[in-house]
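Next comes upload_11.tsv, with TSV, C-alpha atoms.
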```
chain	number	residue	atom	x	y	z
F	1	MET	CA	27.09	4.58	16.89
F	2	ALA	CA	23.81	3.45	15.35
F	3	ARG	CA	22.55	5.52	12.48
F	4	HIS	CA	19.16	6.93	13.43
F	5	ALA	CA	16.27	7.02	10.98
F	6	ASP	CA	16.12	10.82	11.07
F	7	LEU	CA	19.80	11.03	10.09
F	8	ARG	CA	19.22	8.60	7.21
F	9	ALA	CA	16.32	10.76	6.04
F	10	LEU	CA	18.46	13.90	6.22
F	11	GLU	CA	21.27	12.20	4.30
F	12	ALA	CA	18.77	11.13	1.64
F	13	ARG	CA	17.58	14.72	1.21
F	14	ILE	CA	21.16	15.99	1.00
F	15	GLY	CA	22.11	13.17	-1.36
F	16	HIS	CA	25.09	11.85	0.58
F	17	ARG	CA	25.55	9.14	3.20
F	18	PHE	CA	28.35	10.04	5.58
F	19	GLY	CA	31.08	7.56	6.37
F	20	ASP	CA	32.16	9.77	9.27
F	21	GLU	CA	29.11	10.81	11.25
F	22	THR	CA	31.13	13.23	13.36
F	23	LEU	CA	31.37	15.48	10.31
F	24	ILE	CA	27.62	15.86	9.86
F	25	ALA	CA	27.24	16.26	13.62
F	26	ALA	CA	29.72	19.16	13.62
F	27	ALA	CA	28.09	20.66	10.51
F	28	LEU	CA	24.81	20.89	12.42
F	29	THR	CA	26.22	22.36	15.65
F	30	HIS	CA	26.00	26.10	16.24
F	31	VAL	CA	28.64	27.75	18.41
F	32	SER	CA	25.99	28.53	21.04
F	33	ALA	CA	25.65	24.78	21.69
F	34	ALA	CA	29.36	23.98	21.80
F	35	ASN	CA	30.03	24.64	25.50
F	36	GLY	CA	33.19	26.50	24.61
F	37	GLN	CA	34.52	23.78	22.27
F	38	LYS	CA	34.51	25.67	18.98
F	39	ARG	CA	36.29	22.85	17.17
F	40	VAL	CA	33.07	20.78	17.25
F	41	THR	CA	30.93	23.50	15.64
F	42	TYR	CA	30.24	24.26	12.00
F	43	GLN	CA	32.47	27.35	11.82
F	44	ARG	CA	35.49	25.74	10.12
F	45	LEU	CA	33.30	23.54	7.92
F	46	GLU	CA	31.37	26.62	6.82
F	47	PHE	CA	34.62	28.29	5.74
F	48	LEU	CA	35.56	25.25	3.67
F	49	GLY	CA	32.07	24.69	2.27
F	50	ASP	CA	31.82	28.29	1.13
F	51	ARG	CA	34.92	27.82	-1.04
F	52	VAL	CA	33.75	24.48	-2.43
F	53	LEU	CA	30.33	25.95	-3.21
F	54	GLY	CA	31.88	28.91	-5.02
F	55	LEU	CA	34.09	26.66	-7.14
F	56	VAL	CA	31.28	24.26	-8.10
F	57	VAL	CA	28.81	27.03	-8.94
F	58	SER	CA	31.47	28.88	-10.94
F	59	GLU	CA	32.06	25.71	-12.96
F	60	MET	CA	28.31	25.24	-13.47
F	61	LEU	CA	27.89	28.81	-14.72
F	62	TYR	CA	30.92	28.61	-17.00
F	63	ASP	CA	29.45	25.54	-18.70
F	64	ALA	CA	25.82	26.67	-18.75
F	65	PHE	CA	26.37	30.18	-20.16
F	66	PRO	CA	29.14	29.94	-22.78
F	67	GLU	CA	28.33	33.37	-24.23
F	68	ALA	CA	28.22	35.23	-20.92
F	69	GLU	CA	30.86	37.82	-20.12
F	70	GLU	CA	32.74	37.85	-16.82
F	71	GLY	CA	30.46	40.51	-15.33
F	72	GLU	CA	27.31	38.51	-15.94
F	73	LEU	CA	28.90	35.34	-14.60
F	74	SER	CA	29.96	37.21	-11.46
F	75	ARG	CA	26.44	38.53	-10.92
F	76	ARG	CA	24.95	35.10	-11.37
F	77	LEU	CA	27.50	33.62	-8.97
F	78	ALA	CA	26.76	36.24	-6.32
F	79	ALA	CA	23.01	35.59	-6.59
F	80	LEU	CA	23.43	31.83	-6.24
F	81	VAL	CA	25.90	31.68	-3.35
F	82	ARG	CA	24.43	34.48	-1.23
F	83	LYS	CA	23.41	33.57	2.31
F	84	GLU	CA	19.71	33.72	1.49
F	85	SER	CA	20.07	31.21	-1.36
F	86	CYS	CA	22.02	28.85	0.88
F	87	ALA	CA	19.32	29.20	3.53
F	88	GLU	CA	16.71	28.20	0.95
F	89	VAL	CA	18.68	25.05	0.19
F	90	ALA	CA	18.97	24.27	3.91
F	91	LEU	CA	15.19	24.56	4.22
F	92	GLU	CA	14.73	22.29	1.21
F	93	TRP	CA	16.92	19.76	3.04
F	94	SER	CA	14.76	20.33	6.18
F	95	VAL	CA	17.84	20.76	8.33
F	96	GLU	CA	16.27	23.15	10.83
F	97	ALA	CA	15.04	20.38	13.13
F	98	HIS	CA	18.54	18.85	13.21
F	99	ILE	CA	20.54	21.99	14.09
F	100	ARG	CA	21.96	21.97	17.61
F	101	LEU	CA	21.42	25.41	19.18
F	102	GLY	CA	22.19	26.78	22.61
F	103	ASP	CA	19.40	27.85	24.92
F	104	SER	CA	19.69	31.53	23.95
F	105	GLU	CA	19.30	30.79	20.25
F	106	ARG	CA	16.56	28.21	20.72
F	107	ALA	CA	14.59	30.62	22.89
F	108	THR	CA	13.93	32.82	19.86
F	109	GLY	CA	11.69	30.10	18.42
F	110	VAL	CA	13.09	30.42	14.90
F	111	VAL	CA	16.32	29.49	13.15
F	112	LYS	CA	17.84	32.62	11.65
F	113	THR	CA	18.44	32.86	7.92
F	114	ALA	CA	22.15	33.45	8.58
F	115	ILE	CA	22.39	30.21	10.57
F	116	LEU	CA	20.54	28.23	7.91
F	117	GLY	CA	22.88	29.60	5.25
F	118	ASP	CA	25.92	28.76	7.35
F	119	VAL	CA	24.70	25.20	7.90
F	120	CYS	CA	24.17	24.68	4.17
F	121	GLU	CA	27.80	25.65	3.56
F	122	SER	CA	29.05	23.58	6.49
F	123	ILE	CA	27.26	20.49	5.16
F	124	ILE	CA	28.92	20.99	1.78
F	125	GLY	CA	32.28	21.26	3.55
F	126	ALA	CA	31.51	18.11	5.54
F	127	VAL	CA	30.68	16.17	2.36
F	128	PHE	CA	33.94	17.37	0.81
F	129	LEU	CA	35.96	16.09	3.77
F	130	ASP	CA	33.98	12.87	3.97
F	131	ALA	CA	34.14	11.82	0.31
F	132	GLY	CA	36.04	14.36	-1.77
F	133	TYR	CA	35.32	17.00	-4.37
F	134	LEU	CA	33.21	14.95	-6.78
F	135	SER	CA	30.76	13.94	-4.06
F	136	ALA	CA	30.51	17.53	-2.85
F	137	ARG	CA	30.05	18.66	-6.44
F	138	ASP	CA	27.15	16.23	-6.89
F	139	VAL	CA	25.43	17.61	-3.78
F	140	VAL	CA	25.87	21.22	-4.92
F	141	VAL	CA	24.70	20.55	-8.47
F	142	ARG	CA	21.52	18.80	-7.32
F	143	ALA	CA	20.68	21.62	-4.92
F	144	PHE	CA	21.74	24.68	-6.89
F	145	GLU	CA	21.31	23.84	-10.58
F	146	PRO	CA	17.50	24.38	-10.50
F	147	LYS	CA	18.12	27.82	-8.98
F	148	MET	CA	20.67	28.57	-11.68
F	149	ARG	CA	18.23	27.61	-14.43
F	150	ALA	CA	15.33	29.58	-12.97
F	151	PRO	CA	16.62	32.41	-10.77
F	152	CYS	CA	13.93	33.74	-8.46
F	153	ARG	CA	15.57	37.13	-7.79
F	154	PRO	CA	17.28	39.87	-9.83
F	155	LEU	CA	20.91	39.21	-10.69
F	156	ARG	CA	22.00	42.37	-8.95
F	157	ASP	CA	21.70	42.52	-5.19
F	158	ALA	CA	19.59	45.21	-3.54
F	159	LYS	CA	22.54	47.48	-2.64
F	160	THR	CA	23.85	47.43	-6.19
F	161	ALA	CA	20.35	47.99	-7.59
F	162	LEU	CA	19.77	50.98	-5.32
F	163	GLN	CA	23.18	52.49	-6.12
F	164	GLU	CA	22.58	52.17	-9.87
F	165	TRP	CA	19.09	53.65	-9.51
F	166	ALA	CA	20.48	56.63	-7.56
F	167	GLN	CA	23.33	57.21	-10.00
F	168	SER	CA	21.01	57.04	-13.00
F	169	ARG	CA	19.10	59.97	-11.49
F	170	GLY	CA	22.16	62.02	-10.69
F	171	LEU	CA	21.86	61.40	-6.94
F	172	SER	CA	24.75	60.77	-4.59
F	173	THR	CA	25.70	57.26	-3.54
F	174	PRO	CA	23.34	55.84	-0.86
F	175	LEU	CA	24.72	56.16	2.65
F	176	TYR	CA	24.44	53.34	5.21
F	177	ARG	CA	24.62	54.08	8.92
F	178	GLU	CA	24.66	51.61	11.80
F	179	LEU	CA	21.99	52.57	14.32
F	180	SER	CA	22.40	49.76	16.83
F	181	ARG	CA	23.92	46.38	17.55
F	182	ARG	CA	22.20	44.01	19.95
F	183	GLY	CA	22.53	40.41	21.06
F	184	PRO	CA	25.47	38.15	21.98
F	185	ASP	CA	28.64	37.96	19.89
F	186	HIS	CA	27.63	34.65	18.31
F	187	ALA	CA	24.18	35.96	17.29
F	188	PRO	CA	24.24	39.74	16.84
F	189	GLU	CA	21.44	41.80	15.32
F	190	PHE	CA	22.33	44.99	13.49
F	191	THR	CA	19.99	47.84	12.63
F	192	ILE	CA	21.08	49.87	9.60
F	193	ALA	CA	19.56	52.98	8.03
F	194	VAL	CA	20.03	53.83	4.36
F	195	THR	CA	19.68	57.40	3.16
F	196	VAL	CA	19.36	58.59	-0.43
F	197	GLN	CA	19.55	62.28	-1.30
F	198	GLY	CA	16.06	63.78	-1.23
F	199	PHE	CA	14.36	60.74	0.32
F	200	ALA	CA	13.46	59.77	3.86
F	201	PRO	CA	15.78	57.11	5.33
F	202	VAL	CA	14.75	53.47	5.68
F	203	GLU	CA	15.80	51.14	8.49
F	204	ALA	CA	16.17	47.35	8.56
F	205	THR	CA	17.78	44.68	10.71
F	206	GLY	CA	19.94	41.65	9.96
F	207	GLY	CA	22.28	39.12	11.52
F	208	SER	CA	25.31	40.95	10.08
F	209	LYS	CA	26.02	44.44	8.79
F	210	ARG	CA	25.97	43.12	5.24
F	211	LEU	CA	22.58	41.47	5.63
F	212	ALA	CA	21.14	44.53	7.39
F	213	GLU	CA	22.42	46.83	4.63
F	214	GLN	CA	20.93	44.58	1.96
F	215	ALA	CA	17.63	44.49	3.86
F	216	ALA	CA	17.59	48.28	4.17
F	217	ALA	CA	18.30	48.70	0.46
F	218	GLY	CA	15.57	46.19	-0.37
F	219	ALA	CA	13.11	48.00	1.90
F	220	PHE	CA	13.94	51.31	0.21
F	221	ILE	CA	13.40	49.76	-3.22
F	222	ALA	CA	10.07	48.30	-2.12
F	223	ARG	CA	8.90	51.58	-0.54
F	224	GLU	CA	9.70	53.64	-3.62
F	225	GLY	CA	8.31	51.06	-6.06
F	226	ILE	CA	11.60	50.71	-7.94
F	227	ASP	CA	11.43	48.04	-10.64
F	228	GLN	CA	14.48	45.84	-9.99
F	229	ASP	CA	14.12	44.10	-13.33
F	230	ASP	CA	14.23	47.32	-15.35
F	231	ARG	CA	17.85	48.30	-14.84
F	232	LYS	CA	20.53	48.94	-17.38
F	233	GLY	CA	22.95	46.05	-17.77
F	234	VAL	CA	20.90	43.21	-16.23
F	235	ALA	CA	21.28	40.09	-18.35
```
Would you mind writing the file out in structure tokens?
Amino acid sequence: MARHADLRALEARIGHRFGDETLIAAALTHVSAANGQKRVTYQRLEFLGDRVLGLVVSEMLYDAFPEAEEGELSRRLAALVRKESCAEVALEWSVEAHIRLGDSERATGVVKTAILGDVCESIIGAVFLDAGYLSARDVVVRAFEPKMRAPCRPLRDAKTALQEWAQSRGLSTPLYRELSRRGPDHAPEFTIAVTVQGFAPVEATGGSKRLAEQAAAGAFIAREGIDQDDRKGVA
């Protein structure tokens, strides 16, 4: 199969030229476009890439912050490998035009953050299978080291930040309640409400319960003007 110019450009942005093009093809195929053949989608590659990403980023953090305690390293790891960070990398690689989506997904007109994050991880998994750990490590370091050096978000996620804020004021732990679930199984949308004692609830949506809960916590923080950088224990 001839290598198209757009694939060469994508490989250049990723920093890896694939010997096996079927790997990058699978890494860019959403389950909605698989016609029932899940083995040709990114799902398994995403699973693998998530583990490779975690290992490489853990190694990067261990070397870059020799004085950091385990807790700080864990917070930095969580901030770097979260789905939103992976989605940012996918956008930097400009993968959105290359992702194969089914008609239902394409009809929305946008590529969801969750899908972009999944594709980033699946590409990392594909590089690992294509050329081994060192090649995958090179791809991860190029993409994630700048984010490690200059984090653009607090080290604690929104749910943790909100829980610590509530506890510091003697309030009960925030409660999250699922209000609705819509959409097909491969692309659900959850609506979650978060309630804190003495405050009106806040609702938000996301492609998973975790993302919706984080979005709700973030919306609560924004509404109440909570300073996420002024929290005990943030390195």
Inset, instruction - Show which residues sit within 6 Å of Leu101 in chain F, as an MDAnalysis selection string. Count only C-alpha atoms, and ignore same-chain residues fewer than 3 positions away. - result: chainID F and resid 30 32:33 105:106
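Note that the spacing between CA of Thr41 in chain F and CA of Glu121 in chain F amounts to 12.7 Å.
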Inset, instruction - Would you please work out which residue, of F:Tyr176, F:Phe190, F:Phe128, F:Phe220, is nearest to Val56 in chain F when using all atoms listed in the file? - result: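 Nearest candidate to Val56 in chain F out of F:Tyr176, F:Phe190, F:Phe128, F:Phe220: F:Phe128.
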Select from range 93-191 of chain F every residue with an atom at most 8 Å from any atom of range 2-14 of chain F, then for each give the shortest pair of atoms and their distance in Å to one decimal, using only C-alpha atoms, rows by chain and rising number, as a Markdown table.
```
| residue | atom | partner | partner_atom | distance |
| --- | --- | --- | --- | --- |
| F:Trp93 | CA | F:Arg13 | CA | 5.4 |
| F:Ser94 | CA | F:Leu10 | CA | 7.4 |
| F:Val95 | CA | F:Leu10 | CA | 7.2 |
| F:Val139 | CA | F:Ile14 | CA | 6.6 |
```
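Across the structure, CA of Asp138 in chain F and CA of Val31 in chain F are spaced 27.8 Å apart.
For the choices F:Val196, F:Ile115, F:Ala217, F:Ala222, the atom-to-atom distance to Ile99 in chain F is smallest for F:Ile115 when using all atoms listed in the file.
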Legend entry - Atom-to-atom span, CA of Thr195 in chain F and CA of Gln214 in chain F, Å: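 Going from CA of Thr195 in chain F over to CA of Gln214 in chain F, I get 12.9 Å.
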Inset, instruction - Between F:Ala97, F:Ala64, F:Ile123, F:Leu179, single out the one closest to Phe18 in chain F, counting only C-alpha atoms. - result: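 For Phe18 in chain F, the nearest of the given residues is F:Ile123.
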Inset, instruction - Write out as a VMD selection string each polymer residue whose atoms come within 12 Å of Val202 in chain F, counting all atoms listed in the file; drop sequence neighbours fewer than 3 positions from it. - result: chain F and resid 174 to 179 191 to 196 199 205 212 to 224
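Considering all atoms listed in the file, the residue among F:Ile226, F:Ala25, F:Leu77, F:Val141 positioned nearest to Leu162 in chain F is F:Ile226.
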Legend entry - Residues within 9 Å of (31.7, 27.9, 8.2), counting only C-alpha atoms, listed as an MDAnalysis selection string: chainID F and resid 27 41:50 118:119 121:122 125
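If you measure from each of F:Leu55, F:Ala126, F:Ala114, F:Ala79 to Ser208 in chain F using only C-alpha atoms, the closest one turns out to be F:Ala114.
The smallest atom-to-atom distance between Lys83 in chain F and any of F:Arg142, F:His16, F:Arg210, F:Arg181, using only C-alpha atoms, is found for F:Arg210.
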Inset, instruction - Identify, on the basis of all atoms listed in the file, every residue whose closest approach to Val89 in chain F does not exceed 7 Å; exclude the query and any residue fewer than 4 positions from it along the same chain; express the result as a ChimeraX atom specification. - result: /F:85,93,120,143
Save C-alpha atoms of range 31-80 of chain F from the block above as a PDB file, in the first residue's frame.
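Output below, filename result_9.pdb:
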```pdb
ATOM      1  CA  VAL F  31     -15.485   1.455  17.315  1.00  0.00           C
ATOM      2  CA  SER F  32     -18.385   3.249  15.609  1.00  0.00           C
ATOM      3  CA  ALA F  33     -16.575   2.828  12.264  1.00  0.00           C
ATOM      4  CA  ALA F  34     -15.594  -0.815  12.722  1.00  0.00           C
ATOM      5  CA  ASN F  35     -18.731  -2.485  11.333  1.00  0.00           C
ATOM      6  CA  GLY F  36     -18.734  -4.916  14.223  1.00  0.00           C
ATOM      7  CA  GLN F  37     -15.041  -5.838  13.882  1.00  0.00           C
ATOM      8  CA  LYS F  38     -13.718  -4.542  17.189  1.00  0.00           C
ATOM      9  CA  ARG F  39     -10.302  -6.066  16.607  1.00  0.00           C
ATOM     10  CA  VAL F  40      -9.547  -3.372  14.000  1.00  0.00           C
ATOM     11  CA  THR F  41     -10.352  -0.462  16.339  1.00  0.00           C
ATOM     12  CA  TYR F  42      -8.164   1.414  18.779  1.00  0.00           C
ATOM     13  CA  GLN F  43      -9.621  -0.168  21.922  1.00  0.00           C
ATOM     14  CA  ARG F  44      -6.864  -2.722  22.584  1.00  0.00           C
ATOM     15  CA  LEU F  45      -4.137  -0.307  21.484  1.00  0.00           C
ATOM     16  CA  GLU F  46      -5.527   2.298  23.873  1.00  0.00           C
ATOM     17  CA  PHE F  47      -5.254  -0.183  26.757  1.00  0.00           C
ATOM     18  CA  LEU F  48      -1.624  -0.869  25.892  1.00  0.00           C
ATOM     19  CA  GLY F  49      -0.735   2.759  25.197  1.00  0.00           C
ATOM     20  CA  ASP F  50      -2.170   3.875  28.522  1.00  0.00           C
ATOM     21  CA  ARG F  51       0.260   1.556  30.341  1.00  0.00           C
ATOM     22  CA  VAL F  52       3.237   2.604  28.221  1.00  0.00           C
ATOM     23  CA  LEU F  53       2.390   6.274  28.749  1.00  0.00           C
ATOM     24  CA  GLY F  54       2.145   5.806  32.511  1.00  0.00           C
ATOM     25  CA  LEU F  55       5.511   4.055  32.670  1.00  0.00           C
ATOM     26  CA  VAL F  56       7.328   6.636  30.532  1.00  0.00           C
ATOM     27  CA  VAL F  57       5.847   9.622  32.363  1.00  0.00           C
ATOM     28  CA  SER F  58       6.619   8.012  35.728  1.00  0.00           C
ATOM     29  CA  GLU F  59      10.246   7.618  34.634  1.00  0.00           C
ATOM     30  CA  MET F  60      10.350  11.231  33.421  1.00  0.00           C
ATOM     31  CA  LEU F  61       9.003  12.535  36.730  1.00  0.00           C
ATOM     32  CA  TYR F  62      11.330  10.352  38.799  1.00  0.00           C
ATOM     33  CA  ASP F  63      14.331  11.814  36.971  1.00  0.00           C
ATOM     34  CA  ALA F  64      13.096  15.404  36.756  1.00  0.00           C
ATOM     35  CA  PHE F  65      12.050  15.839  40.403  1.00  0.00           C
ATOM     36  CA  PRO F  66      14.626  14.006  42.560  1.00  0.00           C
ATOM     37  CA  GLU F  67      13.455  15.715  45.761  1.00  0.00           C
ATOM     38  CA  ALA F  68       9.743  15.067  45.257  1.00  0.00           C
ATOM     39  CA  GLU F  69       7.901  12.722  47.590  1.00  0.00           C
ATOM     40  CA  GLU F  70       5.655   9.938  46.310  1.00  0.00           C
ATOM     41  CA  GLY F  71       2.505  12.009  46.797  1.00  0.00           C
ATOM     42  CA  GLU F  72       3.747  14.872  44.659  1.00  0.00           C
ATOM     43  CA  LEU F  73       4.951  12.498  41.958  1.00  0.00           C
ATOM     44  CA  SER F  74       1.548  10.807  41.924  1.00  0.00           C
ATOM     45  CA  ARG F  75      -0.232  14.148  41.556  1.00  0.00           C
ATOM     46  CA  ARG F  76       2.047  15.185  38.730  1.00  0.00           C
ATOM     47  CA  LEU F  77       1.533  11.824  37.017  1.00  0.00           C
ATOM     48  CA  ALA F  78      -2.250  12.092  37.290  1.00  0.00           C
ATOM     49  CA  ALA F  79      -2.202  15.602  35.798  1.00  0.00           C
ATOM     50  CA  LEU F  80      -0.045  14.552  32.855  1.00  0.00           C
TER      51      LEU F  80
END
```
